>>> print(open('run.cif').read())   # mmCIF, C-alpha atoms and all ligand atoms
data_entry
loop_
_atom_site.label_atom_id
_atom_site.label_comp_id
_atom_site.auth_asym_id
_atom_site.auth_seq_id
_atom_site.Cartn_x
_atom_site.Cartn_y
_atom_site.Cartn_z
CA MET M 1 37.40 -2.36 41.63
CA ALA M 2 35.12 -5.24 42.70
CA ASP M 3 31.93 -3.43 41.74
CA LYS M 4 33.25 -2.23 38.39
CA LYS M 5 31.87 -3.66 35.18
CA ILE M 6 34.49 -5.81 33.45
CA ILE M 7 34.97 -5.31 29.71
CA ALA M 8 36.80 -8.28 28.17
CA ALA M 9 38.75 -7.04 25.15
CA VAL M 10 39.82 -9.41 22.39
CA GLY M 11 42.74 -7.97 20.44
CA ALA M 12 43.93 -6.01 23.48
CA THR M 13 47.55 -6.25 22.32
CA GLY M 14 46.54 -4.86 18.92
CA ALA M 15 45.15 -1.68 17.42
CA GLN M 16 41.40 -1.86 18.03
CA GLY M 17 41.28 -3.74 21.34
CA GLY M 18 44.30 -1.80 22.61
CA GLY M 19 42.49 1.47 21.92
CA LEU M 20 39.57 0.25 24.02
CA VAL M 21 41.71 -0.93 26.96
CA HIS M 22 43.62 2.36 27.03
CA ALA M 23 40.39 4.38 26.80
CA ILE M 24 38.99 2.58 29.85
CA LEU M 25 42.25 2.92 31.80
CA ALA M 26 42.32 6.64 31.00
CA ASP M 27 38.88 7.07 32.62
CA PRO M 28 39.33 5.56 36.10
CA LYS M 29 36.08 6.97 37.51
CA SER M 30 33.98 5.40 34.76
CA GLY M 31 32.71 2.30 36.52
CA PHE M 32 34.35 0.03 33.92
CA THR M 33 37.55 -1.98 34.16
CA PRO M 34 39.39 -3.68 31.29
CA ARG M 35 40.29 -7.34 30.98
CA ALA M 36 42.85 -7.79 28.21
CA LEU M 37 42.74 -11.09 26.32
CA THR M 38 45.86 -12.41 24.61
CA ARG M 39 47.36 -15.72 23.55
CA ASN M 40 50.65 -14.67 25.09
CA THR M 41 50.35 -13.30 28.61
CA ALA M 42 54.17 -13.28 28.90
CA GLY M 43 54.67 -11.06 25.86
CA ASP M 44 55.90 -7.48 26.06
CA LYS M 45 52.54 -6.01 25.02
CA ALA M 46 50.69 -8.06 27.62
CA LYS M 47 53.19 -7.00 30.29
CA ALA M 48 52.77 -3.35 29.32
CA LEU M 49 48.98 -3.67 29.60
CA ALA M 50 49.31 -5.25 33.06
CA ALA M 51 51.73 -2.51 34.12
CA ALA M 52 49.22 0.10 32.94
CA GLY M 53 46.57 -1.45 35.20
CA ALA M 54 44.67 -3.93 33.03
CA GLU M 55 43.83 -7.47 34.10
CA VAL M 56 45.50 -9.73 31.53
CA VAL M 57 44.12 -13.20 30.83
CA ALA M 58 45.00 -15.95 28.35
CA ALA M 59 42.54 -16.79 25.60
CA ASP M 60 42.70 -18.14 22.07
CA LEU M 61 39.86 -17.59 19.61
CA ASP M 62 40.36 -21.15 18.35
CA ASP M 63 39.85 -22.56 21.86
CA LEU M 64 36.25 -22.23 23.11
CA PRO M 65 36.91 -23.22 26.77
CA SER M 66 39.65 -20.59 27.01
CA LEU M 67 37.16 -17.96 25.82
CA GLU M 68 34.50 -19.16 28.26
CA ARG M 69 36.98 -18.71 31.10
CA ALA M 70 38.08 -15.30 29.80
CA PHE M 71 34.49 -13.99 29.44
CA LYS M 72 33.36 -15.32 32.85
CA GLY M 73 32.14 -12.51 35.08
CA ALA M 74 32.43 -9.91 32.33
CA TYR M 75 29.67 -7.39 31.75
CA GLY M 76 30.90 -6.58 28.25
CA ALA M 77 33.03 -8.09 25.52
CA PHE M 78 34.73 -6.45 22.57
CA CYS M 79 35.23 -9.03 19.85
CA LEU M 80 37.30 -9.07 16.68
CA THR M 81 39.10 -11.49 14.40
CA ASN M 82 42.38 -10.89 12.59
CA PHE M 83 41.99 -11.90 8.94
CA TRP M 84 45.51 -10.83 8.03
CA GLU M 85 47.06 -13.45 10.30
CA HIS M 86 45.67 -16.38 8.26
CA PHE M 87 43.79 -14.93 5.23
CA SER M 88 40.81 -17.23 5.92
CA ALA M 89 37.26 -15.87 6.06
CA GLU M 90 36.05 -19.33 7.15
CA LYS M 91 38.37 -19.15 10.16
CA GLU M 92 36.98 -15.71 11.05
CA VAL M 93 33.44 -17.12 11.02
CA ALA M 94 34.48 -20.09 13.19
CA GLN M 95 36.27 -17.81 15.66
CA ALA M 96 33.24 -15.49 15.79
CA GLU M 97 31.05 -18.47 16.57
CA ASN M 98 33.38 -19.40 19.44
CA MET M 99 33.15 -15.86 20.83
CA ALA M 100 29.36 -15.86 20.50
CA ARG M 101 29.04 -19.24 22.26
CA ALA M 102 31.45 -18.21 25.02
CA ALA M 103 29.63 -14.91 25.56
CA LYS M 104 26.32 -16.74 25.76
CA ALA M 105 27.71 -19.24 28.28
CA ALA M 106 29.18 -16.44 30.39
CA GLY M 107 26.00 -14.34 30.28
CA VAL M 108 27.77 -11.32 28.77
CA ARG M 109 25.32 -8.41 28.85
CA HIS M 110 26.73 -6.37 25.96
CA LEU M 111 29.04 -7.58 23.20
CA ILE M 112 30.47 -5.34 20.49
CA TRP M 113 31.38 -7.23 17.31
CA SER M 114 33.89 -5.40 15.12
CA THR M 115 32.43 -6.23 11.74
CA LEU M 116 32.33 -5.18 8.10
CA GLU M 117 29.84 -5.61 5.28
CA ASP M 118 29.19 -8.93 3.61
CA THR M 119 29.73 -7.36 0.18
CA ARG M 120 27.92 -10.26 -1.50
CA ARG M 121 24.67 -8.52 -0.50
CA TRP M 122 25.65 -5.77 -2.98
CA VAL M 123 27.75 -7.78 -5.43
CA PRO M 124 26.46 -11.35 -5.72
CA LEU M 125 28.95 -13.99 -6.81
CA SER M 126 27.29 -13.97 -10.26
CA ASP M 127 28.22 -10.27 -10.72
CA ASP M 128 31.41 -10.31 -12.77
CA ARG M 129 32.36 -6.66 -12.22
CA MET M 130 34.88 -8.09 -9.75
CA PRO M 131 36.36 -11.60 -9.55
CA THR M 132 35.15 -14.16 -7.03
CA ILE M 133 37.93 -15.05 -4.57
CA HIS M 134 38.46 -18.43 -2.83
CA GLY M 135 35.35 -19.79 -4.59
CA LYS M 136 32.73 -17.97 -2.55
CA TYR M 137 33.75 -14.44 -1.64
CA LYS M 138 34.05 -11.05 -3.29
CA VAL M 139 35.96 -9.30 -0.47
CA PRO M 140 37.00 -12.17 1.83
CA HIS M 141 38.10 -10.03 4.80
CA PHE M 142 34.77 -8.17 4.70
CA ASP M 143 32.46 -11.04 3.75
CA GLY M 144 33.57 -13.39 6.54
CA LYS M 145 32.99 -10.72 9.18
CA GLY M 146 29.58 -9.81 7.74
CA GLU M 147 28.61 -13.48 7.49
CA ALA M 148 29.65 -13.95 11.12
CA ASP M 149 27.08 -11.35 12.30
CA ALA M 150 24.60 -14.25 12.22
CA LYS M 151 26.60 -16.20 14.80
CA PHE M 152 25.94 -13.56 17.47
CA ARG M 153 22.24 -13.40 16.51
CA GLU M 154 21.93 -17.21 16.61
CA GLN M 155 23.26 -17.27 20.18
CA ALA M 156 20.96 -14.35 21.10
CA VAL M 157 23.89 -12.49 22.61
CA PRO M 158 23.05 -8.77 23.18
CA THR M 159 25.27 -7.41 20.42
CA THR M 160 26.16 -4.08 18.82
CA PHE M 161 27.50 -4.58 15.30
CA LEU M 162 30.27 -2.02 14.77
CA LEU M 163 31.22 -1.21 11.18
CA THR M 164 34.79 0.07 11.21
CA SER M 165 36.72 2.09 8.61
CA PHE M 166 40.08 2.08 6.82
CA TYR M 167 42.80 2.87 9.37
CA TRP M 168 45.05 5.80 8.44
CA ASP M 169 47.65 3.75 10.36
CA ASN M 170 47.75 1.57 7.21
CA PHE M 171 49.95 4.30 5.74
CA ILE M 172 52.54 3.32 8.38
CA TYR M 173 52.09 -0.39 9.04
CA PHE M 174 50.23 -1.95 6.12
CA GLY M 175 52.16 -0.81 3.05
CA SER M 176 49.37 1.56 1.94
CA GLY M 177 51.47 4.75 2.07
CA PRO M 178 52.84 6.83 -0.79
CA LYS M 179 55.45 5.26 -3.05
CA ARG M 180 58.10 7.07 -5.08
CA SER M 181 57.40 7.00 -8.83
CA GLU M 182 60.08 6.88 -11.51
CA ASP M 183 60.09 10.69 -11.64
CA GLY M 184 61.06 10.72 -7.94
CA LYS M 185 57.67 12.10 -6.82
CA LEU M 186 55.52 10.46 -4.19
CA ALA M 187 52.26 8.89 -5.34
CA LEU M 188 49.31 7.62 -3.34
CA THR M 189 47.68 4.95 -5.48
CA PHE M 190 44.14 3.66 -4.99
CA PRO M 191 41.36 2.47 -7.31
CA LEU M 192 38.86 4.88 -5.80
CA GLY M 193 38.19 7.37 -8.61
CA ASP M 194 36.77 10.47 -6.94
CA ALA M 195 34.96 8.52 -4.22
CA LYS M 196 35.51 9.50 -0.61
CA LEU M 197 37.14 6.93 1.65
CA PRO M 198 35.91 6.88 5.26
CA GLY M 199 39.07 6.67 7.36
CA ILE M 200 39.87 6.60 11.06
CA ALA M 201 42.77 6.58 13.50
CA ALA M 202 42.84 2.91 14.57
CA GLU M 203 42.91 3.86 18.28
CA ASP M 204 39.65 5.78 17.82
CA ILE M 205 37.84 2.51 17.01
CA GLY M 206 38.45 1.34 20.57
CA LYS M 207 37.52 4.77 21.92
CA CYS M 208 34.23 4.70 19.99
CA ALA M 209 33.57 1.17 21.27
CA TYR M 210 34.07 2.50 24.79
CA GLY M 211 31.53 5.24 24.02
CA ILE M 212 29.06 2.55 22.95
CA PHE M 213 29.53 0.62 26.22
CA LYS M 214 29.05 3.83 28.19
CA ARG M 215 25.72 4.45 26.47
CA GLY M 216 24.31 1.23 27.95
CA ASP M 217 21.74 -0.69 25.95
CA GLU M 218 21.12 2.03 23.35
CA PHE M 219 22.80 0.26 20.41
CA ILE M 220 22.17 -3.38 21.29
CA GLY M 221 20.78 -5.20 18.24
CA LYS M 222 21.83 -2.32 15.99
CA THR M 223 24.52 -1.88 13.34
CA VAL M 224 26.46 1.37 13.74
CA GLY M 225 29.35 2.68 11.64
CA ILE M 226 32.27 4.94 12.55
CA ALA M 227 34.84 7.12 10.77
CA GLY M 228 37.06 10.08 11.63
CA GLU M 229 36.69 11.77 8.22
CA HIS M 230 35.62 10.95 4.67
CA LEU M 231 38.27 12.01 2.16
CA SER M 232 38.91 11.42 -1.54
CA GLY M 233 42.30 10.16 -2.67
CA ARG M 234 43.11 13.64 -3.89
CA GLU M 235 42.19 15.15 -0.50
CA MET M 236 44.31 12.59 1.37
CA ALA M 237 47.27 13.28 -0.94
CA SER M 238 46.90 17.02 -0.47
CA ALA M 239 46.78 16.72 3.36
CA MET M 240 49.82 14.42 3.25
CA SER M 241 51.72 16.88 1.04
CA ALA M 242 51.16 19.61 3.62
CA ALA M 243 52.14 17.39 6.55
CA LEU M 244 55.22 15.88 4.88
CA GLY M 245 56.43 19.10 3.28
CA GLN M 246 56.74 17.43 -0.11
CA GLU M 247 54.29 16.80 -2.91
CA VAL M 248 52.20 13.62 -2.83
CA ARG M 249 50.08 13.00 -5.93
CA TYR M 250 46.95 10.90 -6.00
CA VAL M 251 47.05 8.29 -8.74
CA ASP M 252 43.76 6.62 -9.61
CA VAL M 253 44.14 3.15 -11.11
CA PRO M 254 41.46 0.75 -12.34
CA PRO M 255 40.62 -1.93 -9.74
CA GLU M 256 41.95 -4.67 -12.04
CA VAL M 257 45.35 -2.97 -12.07
CA TYR M 258 45.36 -2.74 -8.25
CA ARG M 259 44.34 -6.42 -7.98
CA GLY M 260 47.37 -7.26 -10.12
CA PHE M 261 49.91 -5.53 -7.85
CA GLY M 262 50.90 -8.96 -6.56
CA PHE M 263 51.28 -8.40 -2.81
CA PRO M 264 49.42 -10.86 -0.56
CA GLY M 265 45.75 -9.89 -0.47
CA ALA M 266 45.97 -7.46 -3.46
CA ASP M 267 42.95 -9.14 -5.09
CA ASP M 268 40.91 -8.86 -1.87
CA LEU M 269 41.89 -5.19 -1.36
CA GLY M 270 41.31 -4.35 -5.04
CA ASN M 271 37.75 -5.68 -4.73
CA MET M 272 37.36 -3.86 -1.41
CA PHE M 273 38.28 -0.45 -2.86
CA GLN M 274 36.04 -1.13 -5.87
CA PHE M 275 33.17 -1.89 -3.49
CA LYS M 276 33.84 1.36 -1.59
CA ARG M 277 33.97 3.26 -4.92
CA ASP M 278 30.94 1.68 -6.60
CA PHE M 279 28.70 1.86 -3.51
CA THR M 280 30.08 5.10 -2.14
CA ASP M 281 26.69 6.58 -1.16
CA TYR M 282 25.77 3.59 0.96
CA TYR M 283 29.29 3.09 2.32
CA THR M 284 29.88 6.67 3.48
CA LYS M 285 26.38 7.13 4.92
CA ALA M 286 26.88 3.98 7.00
CA ARG M 287 29.83 5.71 8.76
CA SER M 288 28.78 9.05 10.20
CA VAL M 289 31.59 11.26 11.51
CA ASP M 290 29.18 13.24 13.72
CA PHE M 291 27.90 10.04 15.30
CA SER M 292 31.47 8.84 15.86
CA ARG M 293 32.36 12.13 17.56
CA SER M 294 29.35 11.74 19.85
CA LEU M 295 30.90 8.45 21.02
CA ASP M 296 34.49 9.73 21.13
CA PRO M 297 34.76 13.49 21.69
CA GLU M 298 38.52 13.29 20.98
CA LEU M 299 37.94 11.71 17.55
CA GLN M 300 40.81 12.61 15.21
CA ASN M 301 40.36 13.92 11.69
CA PHE M 302 43.07 13.18 9.12
CA LYS M 303 44.93 16.45 9.71
CA THR M 304 45.13 15.77 13.44
CA TRP M 305 46.24 12.19 12.83
CA LEU M 306 48.93 13.43 10.41
CA SER M 307 50.15 16.02 12.91
CA ARG M 308 50.86 13.14 15.30
CA HIS M 309 52.02 10.41 12.90
CA ALA M 310 53.21 11.82 9.55
CA LYS M 311 56.85 11.32 10.58
CA GLU M 312 56.22 7.58 10.99
CA ILE M 313 55.04 7.10 7.39
CA PRO M 314 57.81 5.24 5.54
CA LEU M 315 58.76 7.05 2.33
CA ASP M 316 60.57 4.79 -0.09
N1 LIG M 401 43.65 -2.15 8.64
C1 LIG M 401 42.46 -1.64 8.44
O1 LIG M 401 42.29 -0.59 7.80
C2 LIG M 401 41.24 -2.30 9.00
C3 LIG M 401 40.03 -1.62 8.95
C4 LIG M 401 38.89 -2.25 9.45
C5 LIG M 401 38.99 -3.52 9.99
N2 LIG M 401 40.21 -4.14 10.02
C6 LIG M 401 40.26 -5.51 10.60
O2 LIG M 401 40.91 -5.45 11.84
C7 LIG M 401 41.29 -6.78 12.20
C8 LIG M 401 42.57 -6.73 12.99
O3 LIG M 401 42.40 -5.90 14.11
P1 LIG M 401 43.61 -5.03 14.67
O4 LIG M 401 44.16 -4.20 13.54
O5 LIG M 401 43.14 -4.34 15.89
O6 LIG M 401 44.64 -6.18 15.03
P2 LIG M 401 46.23 -6.14 15.20
O7 LIG M 401 46.68 -4.82 15.70
O8 LIG M 401 46.83 -6.67 13.92
O9 LIG M 401 46.45 -7.24 16.32
C9 LIG M 401 45.82 -8.51 16.22
C10 LIG M 401 45.14 -8.81 17.56
O10 LIG M 401 44.29 -9.94 17.42
C11 LIG M 401 44.60 -10.85 18.48
N3 LIG M 401 44.38 -12.22 17.97
C12 LIG M 401 44.57 -12.66 16.72
N4 LIG M 401 44.30 -13.98 16.65
C13 LIG M 401 43.94 -14.37 17.89
C14 LIG M 401 43.56 -15.61 18.44
N5 LIG M 401 43.52 -16.74 17.70
N6 LIG M 401 43.23 -15.65 19.74
C15 LIG M 401 43.28 -14.53 20.51
N7 LIG M 401 43.64 -13.32 20.04
C16 LIG M 401 43.97 -13.24 18.74
C17 LIG M 401 46.05 -10.62 18.80
O11 LIG M 401 46.28 -11.01 20.13
P3 LIG M 401 47.60 -11.82 20.62
O12 LIG M 401 48.55 -11.90 19.46
O13 LIG M 401 48.12 -11.00 21.77
O14 LIG M 401 47.08 -13.14 21.04
C18 LIG M 401 46.17 -9.10 18.63
O15 LIG M 401 45.79 -8.42 19.79
C19 LIG M 401 41.41 -7.55 10.88
O16 LIG M 401 40.49 -8.61 10.84
C20 LIG M 401 41.09 -6.51 9.81
O17 LIG M 401 40.37 -7.04 8.72
C21 LIG M 401 41.34 -3.56 9.58
#
>>> encode(input="run.cif", output="structure tokens", more="lines below")
Ligand SMILES: NC(=O)c1ccc[n+]([C@@H]2O[C@H](COP(=O)([O-])OP(=O)(O)OC[C@H]3O[C@@H](n4cnc5c(N)ncnc54)[C@H](OP(=O)(O)O)[C@@H]3O)[C@@H](O)[C@H]2O)c1
Amino acid sequence: MADKKIIAAVGATGAQGGGLVHAILADPKSGFTPRALTRNTAGDKAKALAAAGAEVVAADLDDLPSLERAFKGAYGAFCLTNFWEHFSAEKEVAQAENMARAAKAAGVRHLIWSTLEDTRRWVPLSDDRMPTIHGKYKVPHFDGKGEADAKFREQAVPTTFLLTSFYWDNFIYFGSGPKRSEDGKLALTFPLGDAKLPGIAAEDIGKCAYGIFKRGDEFIGKTVGIAGEHLSGREMASAMSAALGQEVRYVDVPPEVYRGFGFPGADDLGNMFQFKRDFTDYYTKARSVDFSRSLDPELQNFKTWLSRHAKEIPLD
């Protein structure tokens, strides 16, 4: 244990960081050991991680000294922010800066930053194909993460920038699943046209991150993207129909209609899908499935994910 390399995982009680902690625990001969960071070490998820063999330590992304303590002695750090807790891209940037400063202070040798594109590089604020949100963003939950890449570079922390993909788990937990139309049929509604959406099982993000740590310095300073499969809306609906045993139709809507759906973040997500549709060549090429499988040999495609989780998709 003492000579193992510690990987400090932010978000260990959640989807991405949890996937990483479990991947390390499942590979006891690897030479790595997980340190799970959480604000609530007494919570059920923290207790379950400790019971599974992880070191659990308290840390809050808004509290720099707590992060410095949590990163101390760690070889690696997996870093993320959770936009959906506060809906603030500015807060994500500030939290990323705290992680970068703490990693620098602790001498972390390899940090993986779970990031996304700053879409303003493709769609400047002056481009009115999509509305500007909160005065200075096009896709706030992407733009803040992309903007925060600079914080790790400014601190000269050895960083791999990991571009993630749409979780298929959103069909279960995020309200993105099929809804019943007036005719009683299930419809999967996205403003994607015929564009393919790179998707992934959320747990595979952590497993791919583990693959990156295992490959040493190879990806430090680089941006790499991951996905389990690239599928059009029609292809996702067809796979869901087969897994659920009832028809799911794909319904394409214009992005402005999706932005008007009224749920919290609908404008942000409408712009996000429009970005993925309008820049599909760039967006899909940035997320190679073959590369992802080289990091995570157990990488799930959508059919495999459905075979394990279709029953959990709420059908209302
Ligand atoms: N849904 C998607 O399709 C998708 C795709 C790509 C990227 N993302 C991004 O993924 C991020 C969320 O990651 P996730 O899905 O893995 O998270 P999650 O399952 O929702 O869990 C959130 C995690 O973040 C930790 N956390 C949040 N605020 C914290 C703070 N102030 N200090 C310390 N820890 C904090 C929580 O830890 P404790 O509560 O235990 O402290 C928890 O482990 C979002 O920013 C989202 O934009 C989502």
>>> atom_distance(input="run.cif", atom1="atom CA of M:Ser114", atom2="atom CA of M:Leu162")
5.0 Å
>>> residues_around(input="run.cif", residues="M:Pro131", least_positions_apart="6", cutoff="9 Å", atoms="all atoms listed in the file", output="ChimeraX atom specification")
/M:125,137-138,267,271
>>> atom_distance(input="run.cif", atom1="atom CA of M:Thr13", atom2="atom C9 of ligand LIG 401 (chain M)")
6.7 Å
>>> closest_residue(input="run.cif", among="M:Thr33, M:Gln274, M:Ser176, M:Ser126", to="ligand LIG 401 (chain M)", atoms="all atoms listed in the file")
M:Ser176
>>> residues_near_ligand(input="run.cif", ligand="ligand LIG 401 (chain M)", cutoff="8 Å", atoms="all atoms listed in the file", output="PyMOL selection string")
chain M and resi 10-18+37-41+43+45-46+59-63+80-85+92+95+114-116+141-142+145+163-170+174+199+202
>>> write_last_selection(input="run.cif", atoms="C-alpha atoms", output="PDB file, in the coordinates of the input")
ATOM      1  CA  VAL M  10      39.820  -9.410  22.390  1.00  0.00           C
ATOM      2  CA  GLY M  11      42.740  -7.970  20.440  1.00  0.00           C
ATOM      3  CA  ALA M  12      43.930  -6.010  23.480  1.00  0.00           C
ATOM      4  CA  THR M  13      47.550  -6.250  22.320  1.00  0.00           C
ATOM      5  CA  GLY M  14      46.540  -4.860  18.920  1.00  0.00           C
ATOM      6  CA  ALA M  15      45.150  -1.680  17.420  1.00  0.00           C
ATOM      7  CA  GLN M  16      41.400  -1.860  18.030  1.00  0.00           C
ATOM      8  CA  GLY M  17      41.280  -3.740  21.340  1.00  0.00           C
ATOM      9  CA  GLY M  18      44.300  -1.800  22.610  1.00  0.00           C
ATOM     10  CA  LEU M  37      42.740 -11.090  26.320  1.00  0.00           C
ATOM     11  CA  THR M  38      45.860 -12.410  24.610  1.00  0.00           C
ATOM     12  CA  ARG M  39      47.360 -15.720  23.550  1.00  0.00           C
ATOM     13  CA  ASN M  40      50.650 -14.670  25.090  1.00  0.00           C
ATOM     14  CA  THR M  41      50.350 -13.300  28.610  1.00  0.00           C
ATOM     15  CA  GLY M  43      54.670 -11.060  25.860  1.00  0.00           C
ATOM     16  CA  LYS M  45      52.540  -6.010  25.020  1.00  0.00           C
ATOM     17  CA  ALA M  46      50.690  -8.060  27.620  1.00  0.00           C
ATOM     18  CA  ALA M  59      42.540 -16.790  25.600  1.00  0.00           C
ATOM     19  CA  ASP M  60      42.700 -18.140  22.070  1.00  0.00           C
ATOM     20  CA  LEU M  61      39.860 -17.590  19.610  1.00  0.00           C
ATOM     21  CA  ASP M  62      40.360 -21.150  18.350  1.00  0.00           C
ATOM     22  CA  ASP M  63      39.850 -22.560  21.860  1.00  0.00           C
ATOM     23  CA  LEU M  80      37.300  -9.070  16.680  1.00  0.00           C
ATOM     24  CA  THR M  81      39.100 -11.490  14.400  1.00  0.00           C
ATOM     25  CA  ASN M  82      42.380 -10.890  12.590  1.00  0.00           C
ATOM     26  CA  PHE M  83      41.990 -11.900   8.940  1.00  0.00           C
ATOM     27  CA  TRP M  84      45.510 -10.830   8.030  1.00  0.00           C
ATOM     28  CA  GLU M  85      47.060 -13.450  10.300  1.00  0.00           C
ATOM     29  CA  GLU M  92      36.980 -15.710  11.050  1.00  0.00           C
ATOM     30  CA  GLN M  95      36.270 -17.810  15.660  1.00  0.00           C
ATOM     31  CA  SER M 114      33.890  -5.400  15.120  1.00  0.00           C
ATOM     32  CA  THR M 115      32.430  -6.230  11.740  1.00  0.00           C
ATOM     33  CA  LEU M 116      32.330  -5.180   8.100  1.00  0.00           C
ATOM     34  CA  HIS M 141      38.100 -10.030   4.800  1.00  0.00           C
ATOM     35  CA  PHE M 142      34.770  -8.170   4.700  1.00  0.00           C
ATOM     36  CA  LYS M 145      32.990 -10.720   9.180  1.00  0.00           C
ATOM     37  CA  LEU M 163      31.220  -1.210  11.180  1.00  0.00           C
ATOM     38  CA  THR M 164      34.790   0.070  11.210  1.00  0.00           C
ATOM     39  CA  SER M 165      36.720   2.090   8.610  1.00  0.00           C
ATOM     40  CA  PHE M 166      40.080   2.080   6.820  1.00  0.00           C
ATOM     41  CA  TYR M 167      42.800   2.870   9.370  1.00  0.00           C
ATOM     42  CA  TRP M 168      45.050   5.800   8.440  1.00  0.00           C
ATOM     43  CA  ASP M 169      47.650   3.750  10.360  1.00  0.00           C
ATOM     44  CA  ASN M 170      47.750   1.570   7.210  1.00  0.00           C
ATOM     45  CA  PHE M 174      50.230  -1.950   6.120  1.00  0.00           C
ATOM     46  CA  GLY M 199      39.070   6.670   7.360  1.00  0.00           C
ATOM     47  CA  ALA M 202      42.840   2.910  14.570  1.00  0.00           C
TER      48      ALA M 202
END
>>> residues_around(input="run.cif", residues="M:Lys5", least_positions_apart="4", cutoff="9 Å", atoms="all atoms listed in the file", output="list in words")
Met1, Gly31, Phe32, Thr33, Pro34, Gly73, Ala74, Tyr75 and Gly76 of chain M
